[in-house]
Amino acid sequence: MANVYERNGGWYISFRWNGKRYRELAGKEILKGDAEQFLAKRMREVQREDIYDKKPEAVAFAAFADDFLKTDSPDKKSQERSEGVIEMLKVLWKGLDVRAVTLKMIEDYKAMRLNQAKRAPATVARELTVIKRMFRKASEWGKVSLNPAATVTKPGLITGASVT
């Protein structure tokens, strides 16, 4: 939803693109129509990624995964699990750019591990933890503009239950 509003003698624009909110002063002493044109221009620029979020460089998923394993806590206790999960993903997503991985692909992986591989929900939850951390780091390192794993829910977790 895009919005043009007046505040403190100036016209401001506000809009969302890919889940991120953008707000900016369109100008002081301009007309509302000018602010609306400015809003349309900014929205086109954001869609083309000309401003705000520069498009990350193309990086093969396998190359990024290897870099992640080397640099992100290489001496952690669960490193072996991380390596195993990432090796499966490298086979599954062979030849893909890290930016091409979608929420649907991660959800499909989760379903495959639960249904076809007959893994326990706790095992799949641990695997998803690795994936979520990897894509959080990809976002922090500027390899992806949006984290596709951010909204993935872990299986078998009961929400709203209280322990007595």
# chains A, B, ... in the order shown; residues from 1 in each chain; ligands from 1
>>> residues_around(residues="Asp34 in chain A", least_positions_apart="2", cutoff="12 Å", atoms="only C-alpha atoms", output="PDB file with C-alpha atoms, in the first residue's frame")
ATOM      1  CA  VAL A   4       1.205  10.288   0.384  1.00  0.00           C
ATOM      2  CA  TYR A   5       0.680  12.453   3.454  1.00  0.00           C
ATOM      3  CA  GLY A  10       6.052  18.944   3.688  1.00  0.00           C
ATOM      4  CA  TRP A  11       4.736  16.005   1.683  1.00  0.00           C
ATOM      5  CA  TYR A  12       5.954  12.541   2.604  1.00  0.00           C
ATOM      6  CA  ILE A  13       5.676   9.198   0.834  1.00  0.00           C
ATOM      7  CA  LEU A  25      10.242  13.343   2.355  1.00  0.00           C
ATOM      8  CA  ALA A  26       9.012  14.123  -1.154  1.00  0.00           C
ATOM      9  CA  GLY A  27       9.585  17.833  -0.691  1.00  0.00           C
ATOM     10  CA  LYS A  28       8.597  21.024   1.068  1.00  0.00           C
ATOM     11  CA  GLU A  29       6.436  23.605  -0.649  1.00  0.00           C
ATOM     12  CA  ILE A  30       5.297  21.224  -3.397  1.00  0.00           C
ATOM     13  CA  LEU A  31       1.817  20.132  -4.404  1.00  0.00           C
ATOM     14  CA  LYS A  32       0.236  16.818  -3.510  1.00  0.00           C
ATOM     15  CA  GLU A  36       2.294  11.434  -5.914  1.00  0.00           C
ATOM     16  CA  GLN A  37       4.524  11.555  -9.007  1.00  0.00           C
ATOM     17  CA  PHE A  38       7.588  11.304  -6.756  1.00  0.00           C
ATOM     18  CA  LEU A  39       6.025   8.264  -5.060  1.00  0.00           C
ATOM     19  CA  ALA A  40       5.417   6.545  -8.416  1.00  0.00           C
ATOM     20  CA  LYS A  41       9.013   7.275  -9.477  1.00  0.00           C
TER      21      LYS A  41
END
>>> residues_around(residues="Val85 in chain A", least_positions_apart="6", cutoff="9 Å", atoms="only C-alpha atoms", output="JSON, numbers by chain")
{"A": [127, 128, 130, 131]}
>>> write_last_selection(atoms="C-alpha atoms", output="tab-separated table (two decimals), in the first residue's frame")
chain	number	residue	atom	x	y	z
A	127	GLU	CA	18.04	-29.15	10.13
A	128	LEU	CA	15.82	-26.10	9.65
A	130	VAL	CA	20.92	-24.76	10.11
A	131	ILE	CA	19.06	-23.47	7.04
>>> residues_around(residues="Tyr109 in chain A", least_positions_apart="3", cutoff="10 Å", atoms="only C-alpha atoms", output="JSON, numbers by chain")
{"A": [88, 89, 92, 103, 104, 105, 106, 112, 113, 114, 115, 124, 127, 128]}
>>> write_last_selection(atoms="C-alpha atoms", output="short mmCIF file (atom, residue, chain, number, x, y, z; two decimals), in the first residue's frame")
data_model
loop_
_atom_site.label_atom_id
_atom_site.label_comp_id
_atom_site.auth_asym_id
_atom_site.auth_seq_id
_atom_site.Cartn_x
_atom_site.Cartn_y
_atom_site.Cartn_z
CA MET A 88 22.04 -32.57 1.12
CA LEU A 89 21.01 -29.07 0.09
CA LEU A 92 19.06 -30.75 -3.99
CA LEU A 103 10.40 -20.12 0.91
CA LYS A 104 8.52 -22.78 -1.09
CA MET A 105 11.75 -24.68 -1.77
CA ILE A 106 12.59 -24.71 1.94
CA MET A 112 10.39 -34.22 2.05
CA ARG A 113 12.40 -34.85 5.20
CA LEU A 114 9.28 -35.41 7.31
CA ASN A 115 7.29 -37.54 4.86
CA VAL A 124 13.92 -31.78 10.89
CA GLU A 127 18.04 -29.15 10.13
CA LEU A 128 15.82 -26.10 9.65
#
>>> select_by_dssp(residues="range 2-148 of chain A", states="alpha helix (DSSP H)", output="PyMOL selection string")
chain A and resi 32-48+61-71+79-92+103-111+121-140
>>> residues_around(residues="Asp67 in chain A", least_positions_apart="3", cutoff="12 Å", atoms="only C-alpha atoms", output="VMD selection string")
chain A and resid 59 to 64 70 to 74 83 86 134 137 to 138 141 143
>>> closest_residue(among="A:Gln116, A:Gln47, A:Asn3, A:Ser82", to="Arg133 in chain A", atoms="only C-alpha atoms")
A:Ser82
>>> atom_distance(atom1="CA of Gly142 in chain A", atom2="CA of Arg99 in chain A")
10.5 Å
>>> residues_around(residues="Arg23 in chain A", least_positions_apart="2", cutoff="7 Å", atoms="only C-alpha atoms", output="VMD selection string")
chain A and resid 13 to 15 21
>>> write_last_selection(atoms="C-alpha atoms", output="CSV table (one decimal), in the first residue's frame")
chain,number,residue,atom,x,y,z
A,13,ILE,CA,5.7,9.2,0.8
A,14,SER,CA,5.4,5.8,2.4
A,15,PHE,CA,5.2,2.3,0.7
A,21,ARG,CA,8.8,-0.3,4.5
>>> closest_residue(among="A:Glu107, A:Glu45, A:Glu57, A:Glu87", to="Pro148 in chain A", atoms="only C-alpha atoms")
A:Glu107
